[in-house]
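Everything below concerns the one structure shown next.
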Amino acid sequence: MYDFSARVRYSETDGTGRLSIAGLLNYFQDCATFHSTDSGLPISELRRRGMVWVLTGWQVVISRMPDFGENVKITTNPYAIGGFIGKRNFLLETSGGERLAIANSVWTMLDPEGRPTHVADDIGPKYGAGEPFEMDYAARRIRFEGEYELCEAIPVTRHMLDTNGHVNNTQYVALAADLLPRGPDCRQLRVEYKKAAVAGETLYPRLYASGGRHTVVMTDGGGKTYAAAEFSY
C-alpha cells in the first residue's frame, strides 16, 4: 500500500465548503501517480517502454466529504495486476482515522496506438500488490435506458486534457456533476469510461433519472459513448 497526507484546500471545495467529488477523484488519481512514480514507474518511464495506464472504471462509496482545512490521508492499494488489467483500491480518511470514502478502480494498459498490451512482468512486484479492501463491489457495467433529458453540448477544450492528450477522467465527472439537480449528497459514484475524447470534439450529455440515482452519459452525438457516470443517493 501507499499513502500521502493532505489538507483540503479551498480550491478543492465546492459551494458547500466541502471537498468536491472531482477533488476526491483527483486525490485518488494523484495517489496512484505518486505511487507509480515512487515505485520507479513514472509516466515518462512507462511511456519510454511503450505503455500507458488508462482508467476504465470507478466505484466510490462516500460516507462524508471533508470540510475545507481538514487534514486527510489518501491510501492506494493495487491488488490485481496482470494481463492487460490493473485494479486499485483507494481510501480517504481523516488524520484521526475516520473513514470518509472507499473506492475501487479498474485500469487498462495500452500501447502508444491505444491498443491493450500486456502488463510487463516487473510492474506488479514494483507496485507491491496486496489483498483487496473489504467493500461491496458493484458491477462494472452501468445500465441506462428509457427517457432522458438532452443537455447542452460541451466542446472539448485543451484545459480538459491530461498528459495522454485525452479528456481526463475527473473532468467527465466534474462536467456530469454540474448537470445534476440540487438534492441529497451523493453516497456512491460509479463511472465507466468507454471512449477517449480529444480537443476539438464535442460531448453531448444525456441525463437519466431513476429512483434514487441520476446517470449522466457523455456521447459523441451519434452511437458512441465516451463515459457514463452514475450518482446514487
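Just so we're on the same page: first chain in the C-alpha cells is A, next is B, and so on; residues restart at 1 for each chain, and ligands are numbered from 1 in the order they show up.
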
Using only C-alpha atoms, which residues of stretch 45-158 of chain A come within 12 Å of stretch 6-15 of chain A, and what is the closest atom pair for each, with the distance in Å to one decimal? Give it as JSON lines, sorted by chain and residue number.
{"residue": "A:Met65", "atom": "CA", "partner": "A:Thr13", "partner_atom": "CA", "distance": 9.5}
{"residue": "A:Pro66", "atom": "CA", "partner": "A:Val8", "partner_atom": "CA", "distance": 7.4}
{"residue": "A:Asp67", "atom": "CA", "partner": "A:Val8", "partner_atom": "CA", "distance": 7.0}
{"residue": "A:Phe68", "atom": "CA", "partner": "A:Val8", "partner_atom": "CA", "distance": 5.1}
{"residue": "A:Gly69", "atom": "CA", "partner": "A:Val8", "partner_atom": "CA", "distance": 4.9}
{"residue": "A:Glu70", "atom": "CA", "partner": "A:Arg7", "partner_atom": "CA", "distance": 5.5}
{"residue": "A:Asn71", "atom": "CA", "partner": "A:Arg7", "partner_atom": "CA", "distance": 4.4}
{"residue": "A:Val72", "atom": "CA", "partner": "A:Ala6", "partner_atom": "CA", "distance": 5.4}
{"residue": "A:Lys73", "atom": "CA", "partner": "A:Ala6", "partner_atom": "CA", "distance": 6.3}
{"residue": "A:Ile74", "atom": "CA", "partner": "A:Ala6", "partner_atom": "CA", "distance": 7.8}
{"residue": "A:Thr75", "atom": "CA", "partner": "A:Ala6", "partner_atom": "CA", "distance": 11.2}
{"residue": "A:Leu92", "atom": "CA", "partner": "A:Ala6", "partner_atom": "CA", "distance": 10.4}
{"residue": "A:Glu93", "atom": "CA", "partner": "A:Ala6", "partner_atom": "CA", "distance": 10.4}
{"residue": "A:Thr94", "atom": "CA", "partner": "A:Arg7", "partner_atom": "CA", "distance": 9.6}
{"residue": "A:Ser95", "atom": "CA", "partner": "A:Ala6", "partner_atom": "CA", "distance": 9.2}

**Item:** Close residues, stretch 180-197 of chain A itself excluded, 6 Å, only C-alpha atoms, min 4 positions apart in chain, as a PyMOL selection string
**Value:** chain A and resi 56-62+166-167+226-233

**Request:** Tell me, as a PyMOL selection string, which residues lie within 6 Å of A:Met109, counting only C-alpha atoms; anything in the same chain fewer than 2 positions away does not count.
**Result:** chain A and resi 52-53+84+116-117

**Message:** One decimal, in Å: what's the spacing between atom CA of A:Ala138 and atom CA of A:Ala80?
**Reply:** 16.5 Å

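Between atom CA of A:Arg140 and atom CA of A:Arg115 the separation is 20.2 Å.
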